[in-house]
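First comes the structure, then the notes that go with it.
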Amino acid sequence: MKRFSPLSLVGALLLAVGCDAPAPHTADDFTLALYTPAYASGFEIRGLAGDTPAQPAPTGQTPQIAQIPPTATGTAPQSRPADAAKPAAVPPRPAAAPHSPTLLTIRNPWQGARGVEQQVLILRGDATAPAGFEGTVVRAPLRRVVCLSSSFVAMFDALGEIARVKGVSGIDYLSNAYVAEHRACGEVRDVGPDTNLDYELLAAMRPDAVLLYGVTGANSVAEAKLAELGIPYIYIGDYTETSPLGKAEWLVAVAELCDRRAEGEALFGRIEARYEARRAQVAAYVEERAPDIACRPRVLLNTPYRDTWFMPPVTGYMVRLIEDAGGRYVYARNTTSRTVPIDIEEACLLASEADLWLNAGAYPTLDALTADNPKFADIPAVRKGLVYNNDRRATPAGGSDFWESGAVCPDRILRDLIRIFADPNADSELHYYRKLRPNDAR
C-alpha cells in the first residue's frame with residue numbers, strides 16, 4: 001500500500017488553485033483535526049485549516065461523554081486504556097467548509113501491521129484531486145458502496161445510510177433486514193468472498209468504493225484488480241481494535257464517507273454514554289463488595305480446534321467486555337498482545353475452575369458439545385448448564401449478528417453479559433446470547 005505525506009498533498013492542492021482563487025493555504029493548514037478518536041487507534045480525520053473558523057457541531061449533535069463518578073480505589077475494570085485520561089467534557093469540534101476536502105488516514109488495518117497507512121482524500125462539490133496524488137480518492141457522499149465485512153454493513157445501517165450499500169460479501173451470512181429484503185430484486189448483490197471476488201460483477205456495478213479488510217496483510221490481489229478497474233478501495237480496520245468502544249467508533253469514519261460526520265459523532269456519543277453508564281454501575285457493585293473476589297464469576301472462552309484451545313490475551317476484545325461486565329477471565333496469564341494456543345489437557349484444568357462458559361463455538365446444544373468432547377461432561381459449567389453461545393441471532397447459513405450489529409452495539413453486548421453474570425437464568429432477556437441446553441430448545 002502506497003503512502004504519501006499530507007504536506008505534499010497540501011502543496012499539490014495549492015498548485016491546483018487558479019489565479020482567481022482565494023489566498024493560498026500554508027503547508028501547515030492541512031493539520032486541522034476534525035476528528036481524533038477517543039478509543040479507536042486506526043483512523044483520524046483532518047481538514048485544511050483556514051477554510052473556516054472553528055465552529056461547534058450542529059445543535060443537538062455534539063456527543064456528550066457520560067459523567068461517571070470515579071471509583072474510590074481506581075481498580076475497577078476499565079474500557080478506556082489505563083493511560084488515557086477521560087476528558088471532563090467534549091469541546092466543540094472544528095468544522096471544515098461544506099465543500100472542502102478532508103483527509104481520512106487509516107493506520108495498521110490488519111493484524112500485525114506496523115507503520116502501514118492509507119490516505120483517503122475525500123472530495124466534495126466540484127473539487128478535483130491534485131495531479132500526482134498517490135492515495136485513494138473518493139467523492140462524498142458515497143452513493144454506491146460494496147462492503148466486504150458484515151460489520152461495515154452494520155455501520156451504514158446504524159447511520160441510516162444502508163441504502164448506499166449495493167454489494168456485500170457472503171450475503172447468506174448477513175442478518176441485516178434491508179439486505180435480506182433487497183437481494184431478491186438485485187438492489188444488493190453478492191460479490192463473492194474477499195479471496196475470490198466477482199470482478200466482472202464489480203465492473204458492471206461501478207461502485208464509488210469497495211470497503212476492504214485485511215487479515216494478516218494487505219489483500220494485494222483485490223487491490224491490484226480494483227485498481228485495474230478504476231474502483232477505489234478503502235481499508236476499514238475495526239476488527240483490529242481491542243476496545244469495544246474503539247471498534248464501534250469506526251462508524252464515525254464511515255459517516256465521513258457519507259458526509260454525515262456530525263451525526264456519526266452524535267450516534268457514537270450515545271453508544272459510549274450507555275456503555276460507560278453500565279460499566280460504572282458494575283464497577284461500583286464490584287468495589288462495594290471488594291475484596292470479596294467471589295462476587296465476580298470466572299469465565300471460560302471459546303472451544304478447542306483440533307485439540308488446541310486458543311486463548312485470547314487479557315487485553316482482547318471479549319476479555320475487555322467480560323471485565324467491564326464484572327467477570328474474571330480464567331486465563332489471566334496471557335499478558336501478550338495475541339491469542340496463544342494451549343493443549344486440551346491444560347484447557348480442561350482451566351475449565352474446571354470456570355463458573356461460566358461463553359462463546360461455545362458452533363455447538364447448538366450441550367449434547368452436541370459433550371458428544372464431540374466427552375471430557376467436557378465433567379466440567380462444572382457444563383454440569384450446571386452455565387454454557388452460553390452468542391448465536392441467538394443467527395442466519396440459516398450460520399452467520400452471527402453478534403459480529404455484525406454487535407460491532408456497533410457494544411453496550412447491548414455488555415448488557416447481555418451483565419445479565420448472565422447476575423442471573424444465570426435470565427436467558428429470555430438476552431439479545432445476542434442464549435443458554436445451551438441438553439437438546440435444541442431455543
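Letters A, B, ... mark the chains of the C-alpha cells in the order given; residue numbers begin at 1 per chain; ligand numbers begin at 1, in order shown.
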**OP:** Pick out the residues sitting within 7 Å of Glu404 of chain A, and hand them over as a PyMOL selection string; count only C-alpha atoms, and ignore anything fewer than 2 positions along from it in its own chain.
**Re:** chain A and resi 150-151+154+400-402+406-407
Grab the residues selected above and save them as a compact mmCIF listing (two decimals), in the first residue's frame with all heavy atoms.
```
# COMPACT_ATOMS: atom_id res chain seq x y z
N SER A 150 -19.42 -7.85 7.35
CA SER A 150 -20.76 -7.61 7.88
C SER A 150 -20.79 -6.42 8.83
O SER A 150 -21.80 -5.72 8.93
CB SER A 150 -21.28 -8.86 8.57
OG SER A 150 -20.47 -9.20 9.69
N SER A 151 -19.70 -6.17 9.54
CA SER A 151 -19.68 -5.04 10.46
C SER A 151 -19.76 -3.71 9.72
O SER A 151 -20.32 -2.74 10.23
CB SER A 151 -18.44 -5.07 11.35
OG SER A 151 -17.25 -4.91 10.60
N ALA A 154 -23.32 -3.05 9.09
CA ALA A 154 -23.98 -2.59 10.32
C ALA A 154 -23.72 -1.11 10.57
O ALA A 154 -24.60 -0.41 11.10
CB ALA A 154 -23.49 -3.42 11.50
N SER A 400 -23.60 -14.81 12.27
CA SER A 400 -23.99 -14.35 13.60
C SER A 400 -24.07 -12.83 13.65
O SER A 400 -23.11 -12.13 13.30
CB SER A 400 -23.00 -14.84 14.65
OG SER A 400 -23.31 -14.29 15.92
N ASP A 401 -25.23 -12.35 14.09
CA ASP A 401 -25.41 -10.91 14.22
C ASP A 401 -24.55 -10.34 15.34
O ASP A 401 -24.35 -9.13 15.42
CB ASP A 401 -26.88 -10.59 14.47
CG ASP A 401 -27.21 -9.12 14.30
OD1 ASP A 401 -26.65 -8.49 13.37
OD2 ASP A 401 -28.00 -8.58 15.09
N PHE A 402 -24.03 -11.18 16.21
CA PHE A 402 -23.11 -10.73 17.26
C PHE A 402 -21.93 -10.00 16.64
O PHE A 402 -21.49 -8.97 17.14
CB PHE A 402 -22.63 -11.93 18.07
CG PHE A 402 -21.66 -11.59 19.16
CD1 PHE A 402 -22.11 -11.29 20.44
CD2 PHE A 402 -20.29 -11.60 18.93
CE1 PHE A 402 -21.20 -10.98 21.46
CE2 PHE A 402 -19.38 -11.30 19.94
CZ PHE A 402 -19.85 -10.99 21.21
N GLY A 406 -23.46 -6.28 16.50
CA GLY A 406 -22.76 -6.20 17.78
C GLY A 406 -21.52 -5.31 17.72
O GLY A 406 -21.11 -4.76 18.74
N ALA A 407 -20.93 -5.18 16.53
CA ALA A 407 -19.74 -4.34 16.39
C ALA A 407 -20.03 -2.88 16.69
O ALA A 407 -19.15 -2.15 17.16
CB ALA A 407 -19.16 -4.48 14.97
```
**OP:** Would you list the contacts of Leu430 of chain A as number ranges by chain, taking every protein, DNA or RNA residue within 9 Å and counting only C-alpha atoms, but skipping same-chain residues closer than 6 positions in sequence?
**Re:** A: 392, 413, 415-417, 419-420
**OP:** Assign secondary structure with DSSP using the backbone only, and return the residues of segment 336-428 of chain A in alpha helix (DSSP H) as number ranges by chain.
**Re:** A: 344-351, 366-372, 380-383, 410-422
Would you write out those residues with C-alpha atoms, as an mmCIF file, in the first residue's frame?
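Once written, result.cif looks like this:
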```
data_model
loop_
_atom_site.group_PDB
_atom_site.id
_atom_site.type_symbol
_atom_site.label_atom_id
_atom_site.label_comp_id
_atom_site.auth_asym_id
_atom_site.auth_seq_id
_atom_site.Cartn_x
_atom_site.Cartn_y
_atom_site.Cartn_z
ATOM 1 C CA ILE A 344 -6.615 -29.617 25.589
ATOM 2 C CA GLU A 345 -5.420 -31.006 28.941
ATOM 3 C CA GLU A 346 -4.387 -27.594 30.252
ATOM 4 C CA ALA A 347 -7.612 -26.114 28.914
ATOM 5 C CA CYS A 348 -9.699 -28.693 30.763
ATOM 6 C CA LEU A 349 -7.925 -27.802 34.006
ATOM 7 C CA LEU A 350 -8.786 -24.155 33.394
ATOM 8 C CA ALA A 351 -12.352 -25.098 32.525
ATOM 9 C CA LEU A 366 -24.886 -29.266 25.397
ATOM 10 C CA ASP A 367 -25.381 -32.746 23.974
ATOM 11 C CA ALA A 368 -23.524 -31.788 20.805
ATOM 12 C CA LEU A 369 -20.728 -30.198 22.836
ATOM 13 C CA THR A 370 -20.164 -33.265 25.026
ATOM 14 C CA ALA A 371 -20.624 -35.709 22.129
ATOM 15 C CA ASP A 372 -17.601 -34.202 20.380
ATOM 16 C CA PRO A 380 -18.699 -27.682 36.350
ATOM 17 C CA ALA A 381 -20.148 -25.090 33.955
ATOM 18 C CA VAL A 382 -21.453 -27.918 31.748
ATOM 19 C CA ARG A 383 -22.880 -29.915 34.657
ATOM 20 C CA PRO A 410 -21.084 -2.949 22.446
ATOM 21 C CA ASP A 411 -23.462 -1.522 25.037
ATOM 22 C CA ARG A 412 -26.010 -4.188 24.087
ATOM 23 C CA ILE A 413 -23.410 -6.968 24.358
ATOM 24 C CA LEU A 414 -22.342 -5.591 27.730
ATOM 25 C CA ARG A 415 -25.953 -5.648 28.902
ATOM 26 C CA ASP A 416 -26.227 -9.321 27.891
ATOM 27 C CA LEU A 417 -23.099 -10.237 29.842
ATOM 28 C CA ILE A 418 -24.166 -8.286 32.925
ATOM 29 C CA ARG A 419 -27.465 -10.152 32.923
ATOM 30 C CA ILE A 420 -25.743 -13.522 32.504
ATOM 31 C CA PHE A 421 -23.316 -12.839 35.349
ATOM 32 C CA ALA A 422 -26.039 -11.502 37.636
#
```
**OP:** Measure the distance from atom CA of Pro374 of chain A to atom CA of Pro304 of chain A in Å and round it to one decimal.
**Re:** 12.9 Å
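Proximity to Arg320 of chain A was assessed for A:Ala262, A:Ala113, A:Leu201, A:Leu245 counting only C-alpha atoms; the smallest distance is recorded for A:Leu245.
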Subject >> Per-residue DSSP, segment 111-259 of chain A, filtered to strand (DSSP E), as a ChimeraX atom specification >> reply: /A:117-123,136-139,145-147,165-168,189-190,209-212,233-235
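Among A:Leu356, A:Gly327, A:Arg114, A:Arg189, the residue with the shortest atom-to-atom distance to Asp172 of chain A, counting only C-alpha atoms, is A:Arg189.
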Subject >> Non-local contacts of Tyr305 of chain A (10 Å; only C-alpha atoms; under 6 positions in same chain excluded) as a PyMOL selection string >> reply: chain A and resi 341+343-344+361
With C-alpha atoms retained, export the selected residues as a CSV table (one decimal), in the first residue's frame.
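The resulting file, part_37.csv, is reproduced below:
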```csv
chain,number,residue,atom,x,y,z
A,341,PRO,CA,-2.6,-21.9,21.9
A,343,ASP,CA,-3.3,-28.1,24.7
A,344,ILE,CA,-6.6,-29.6,25.6
A,361,GLY,CA,-18.3,-22.4,19.0
```
Subject >> Nearby residues (only C-alpha atoms) at most 10 Å from Leu226 of chain A, same-chain spacing under 4 positions excluded, as a PyMOL selection string >> reply: chain A and resi 199+202-203+209-210+220-222+230-233
Subject >> Selection: 6 Å around segment 38-48 of chain A, only C-alpha atoms, excl. self and same-chain fewer than 5 positions, as a ChimeraX atom specification >> reply: /A:29-30,32-33,102-107,246
Can you write out the residues you just picked, keeping all heavy atoms, as a PDB file, in the first residue's frame?
```pdb
ATOM      1  N   ASP A  29      -1.633  24.180   6.989  1.00  0.00           N
ATOM      2  CA  ASP A  29      -3.082  24.285   7.114  1.00  0.00           C
ATOM      3  C   ASP A  29      -3.797  22.939   7.102  1.00  0.00           C
ATOM      4  O   ASP A  29      -4.906  22.826   7.612  1.00  0.00           O
ATOM      5  CB  ASP A  29      -3.657  25.159   5.992  1.00  0.00           C
ATOM      6  CG  ASP A  29      -3.382  26.628   6.232  1.00  0.00           C
ATOM      7  OD1 ASP A  29      -3.113  26.989   7.386  1.00  0.00           O
ATOM      8  OD2 ASP A  29      -3.432  27.407   5.259  1.00  0.00           O
ATOM      9  N   PHE A  30      -3.170  21.943   6.512  1.00  0.00           N
ATOM     10  CA  PHE A  30      -3.846  20.654   6.370  1.00  0.00           C
ATOM     11  C   PHE A  30      -3.679  19.797   7.625  1.00  0.00           C
ATOM     12  O   PHE A  30      -3.601  18.582   7.547  1.00  0.00           O
ATOM     13  CB  PHE A  30      -3.305  19.919   5.145  1.00  0.00           C
ATOM     14  CG  PHE A  30      -4.246  18.897   4.609  1.00  0.00           C
ATOM     15  CD1 PHE A  30      -5.416  19.255   3.986  1.00  0.00           C
ATOM     16  CD2 PHE A  30      -3.965  17.551   4.744  1.00  0.00           C
ATOM     17  CE1 PHE A  30      -6.287  18.314   3.501  1.00  0.00           C
ATOM     18  CE2 PHE A  30      -4.820  16.591   4.262  1.00  0.00           C
ATOM     19  CZ  PHE A  30      -5.997  16.971   3.636  1.00  0.00           C
ATOM     20  N   LEU A  32      -5.750  20.510  10.429  1.00  0.00           N
ATOM     21  CA  LEU A  32      -6.920  20.773  11.252  1.00  0.00           C
ATOM     22  C   LEU A  32      -7.540  19.446  11.673  1.00  0.00           C
ATOM     23  O   LEU A  32      -8.037  18.684  10.848  1.00  0.00           O
ATOM     24  CB  LEU A  32      -7.943  21.598  10.471  1.00  0.00           C
ATOM     25  CG  LEU A  32      -9.262  21.911  11.181  1.00  0.00           C
ATOM     26  CD1 LEU A  32      -9.010  22.807  12.390  1.00  0.00           C
ATOM     27  CD2 LEU A  32     -10.246  22.552  10.230  1.00  0.00           C
ATOM     28  N   ALA A  33      -7.480  19.140  12.955  1.00  0.00           N
ATOM     29  CA  ALA A  33      -8.019  17.875  13.469  1.00  0.00           C
ATOM     30  C   ALA A  33      -9.534  17.962  13.536  1.00  0.00           C
ATOM     31  O   ALA A  33     -10.093  18.608  14.420  1.00  0.00           O
ATOM     32  CB  ALA A  33      -7.432  17.569  14.839  1.00  0.00           C
ATOM     33  N   THR A 102     -11.431  16.599   2.843  1.00  0.00           N
ATOM     34  CA  THR A 102     -10.919  16.119   4.119  1.00  0.00           C
ATOM     35  C   THR A 102     -10.023  14.924   3.850  1.00  0.00           C
ATOM     36  O   THR A 102     -10.091  14.301   2.795  1.00  0.00           O
ATOM     37  CB  THR A 102     -12.048  15.722   5.084  1.00  0.00           C
ATOM     38  OG1 THR A 102     -12.932  14.807   4.443  1.00  0.00           O
ATOM     39  CG2 THR A 102     -12.818  16.939   5.551  1.00  0.00           C
ATOM     40  N   LEU A 103      -9.179  14.630   4.820  1.00  0.00           N
ATOM     41  CA  LEU A 103      -8.238  13.532   4.681  1.00  0.00           C
ATOM     42  C   LEU A 103      -8.507  12.503   5.769  1.00  0.00           C
ATOM     43  O   LEU A 103      -8.401  12.801   6.962  1.00  0.00           O
ATOM     44  CB  LEU A 103      -6.796  14.046   4.796  1.00  0.00           C
ATOM     45  CG  LEU A 103      -5.697  13.022   4.483  1.00  0.00           C
ATOM     46  CD1 LEU A 103      -5.702  12.662   3.007  1.00  0.00           C
ATOM     47  CD2 LEU A 103      -4.335  13.559   4.885  1.00  0.00           C
ATOM     48  N   LEU A 104      -8.896  11.306   5.350  1.00  0.00           N
ATOM     49  CA  LEU A 104      -9.106  10.189   6.258  1.00  0.00           C
ATOM     50  C   LEU A 104      -7.853   9.331   6.228  1.00  0.00           C
ATOM     51  O   LEU A 104      -7.492   8.785   5.184  1.00  0.00           O
ATOM     52  CB  LEU A 104     -10.327   9.379   5.820  1.00  0.00           C
ATOM     53  CG  LEU A 104     -10.577   8.046   6.534  1.00  0.00           C
ATOM     54  CD1 LEU A 104     -10.848   8.261   8.016  1.00  0.00           C
ATOM     55  CD2 LEU A 104     -11.741   7.300   5.874  1.00  0.00           C
ATOM     56  N   THR A 105      -7.188   9.219   7.365  1.00  0.00           N
ATOM     57  CA  THR A 105      -5.969   8.414   7.459  1.00  0.00           C
ATOM     58  C   THR A 105      -6.291   7.113   8.178  1.00  0.00           C
ATOM     59  O   THR A 105      -6.793   7.126   9.295  1.00  0.00           O
ATOM     60  CB  THR A 105      -4.863   9.163   8.219  1.00  0.00           C
ATOM     61  OG1 THR A 105      -4.568  10.391   7.548  1.00  0.00           O
ATOM     62  CG2 THR A 105      -3.591   8.321   8.287  1.00  0.00           C
ATOM     63  N   ILE A 106      -6.014   5.991   7.505  1.00  0.00           N
ATOM     64  CA  ILE A 106      -6.221   4.659   8.063  1.00  0.00           C
ATOM     65  C   ILE A 106      -4.856   4.106   8.463  1.00  0.00           C
ATOM     66  O   ILE A 106      -3.919   4.133   7.659  1.00  0.00           O
ATOM     67  CB  ILE A 106      -6.864   3.703   7.033  1.00  0.00           C
ATOM     68  CG1 ILE A 106      -8.094   4.352   6.392  1.00  0.00           C
ATOM     69  CG2 ILE A 106      -7.183   2.357   7.663  1.00  0.00           C
ATOM     70  CD1 ILE A 106      -9.259   4.537   7.295  1.00  0.00           C
ATOM     71  N   ARG A 107      -4.759   3.592   9.685  1.00  0.00           N
ATOM     72  CA  ARG A 107      -3.466   3.105  10.166  1.00  0.00           C
ATOM     73  C   ARG A 107      -3.563   1.638  10.601  1.00  0.00           C
ATOM     74  O   ARG A 107      -4.478   1.268  11.317  1.00  0.00           O
ATOM     75  CB  ARG A 107      -2.965   3.941  11.348  1.00  0.00           C
ATOM     76  CG  ARG A 107      -2.630   5.379  10.973  1.00  0.00           C
ATOM     77  CD  ARG A 107      -1.889   6.074  12.108  1.00  0.00           C
ATOM     78  NE  ARG A 107      -1.501   7.416  11.709  1.00  0.00           N
ATOM     79  CZ  ARG A 107      -2.230   8.499  11.932  1.00  0.00           C
ATOM     80  NH1 ARG A 107      -3.384   8.396  12.558  1.00  0.00           N
ATOM     81  NH2 ARG A 107      -1.806   9.690  11.537  1.00  0.00           N
ATOM     82  N   GLY A 246     -13.790   1.232  20.892  1.00  0.00           N
ATOM     83  CA  GLY A 246     -12.920   1.538  19.756  1.00  0.00           C
ATOM     84  C   GLY A 246     -13.426   0.905  18.468  1.00  0.00           C
ATOM     85  O   GLY A 246     -13.369   1.506  17.390  1.00  0.00           O
TER      86      GLY A 246
END
```
**OP:** Just give me the gap between atom CA of Phe376 of chain A and atom CA of Thr303 of chain A in Å, one decimal is fine.
**Re:** 10.4 Å
Subject >> Ala140 of chain A environment, 12 Å, only C-alpha atoms, sequence neighbours closer than 2 positions dropped, as a PyMOL selection string >> reply: chain A and resi 98-104+120-127+137-138+142-145+164+208-209+254-261
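For the pair atom CA of Gly399 of chain A and atom CA of Arg279 of chain A, the separation is 28.1 Å.
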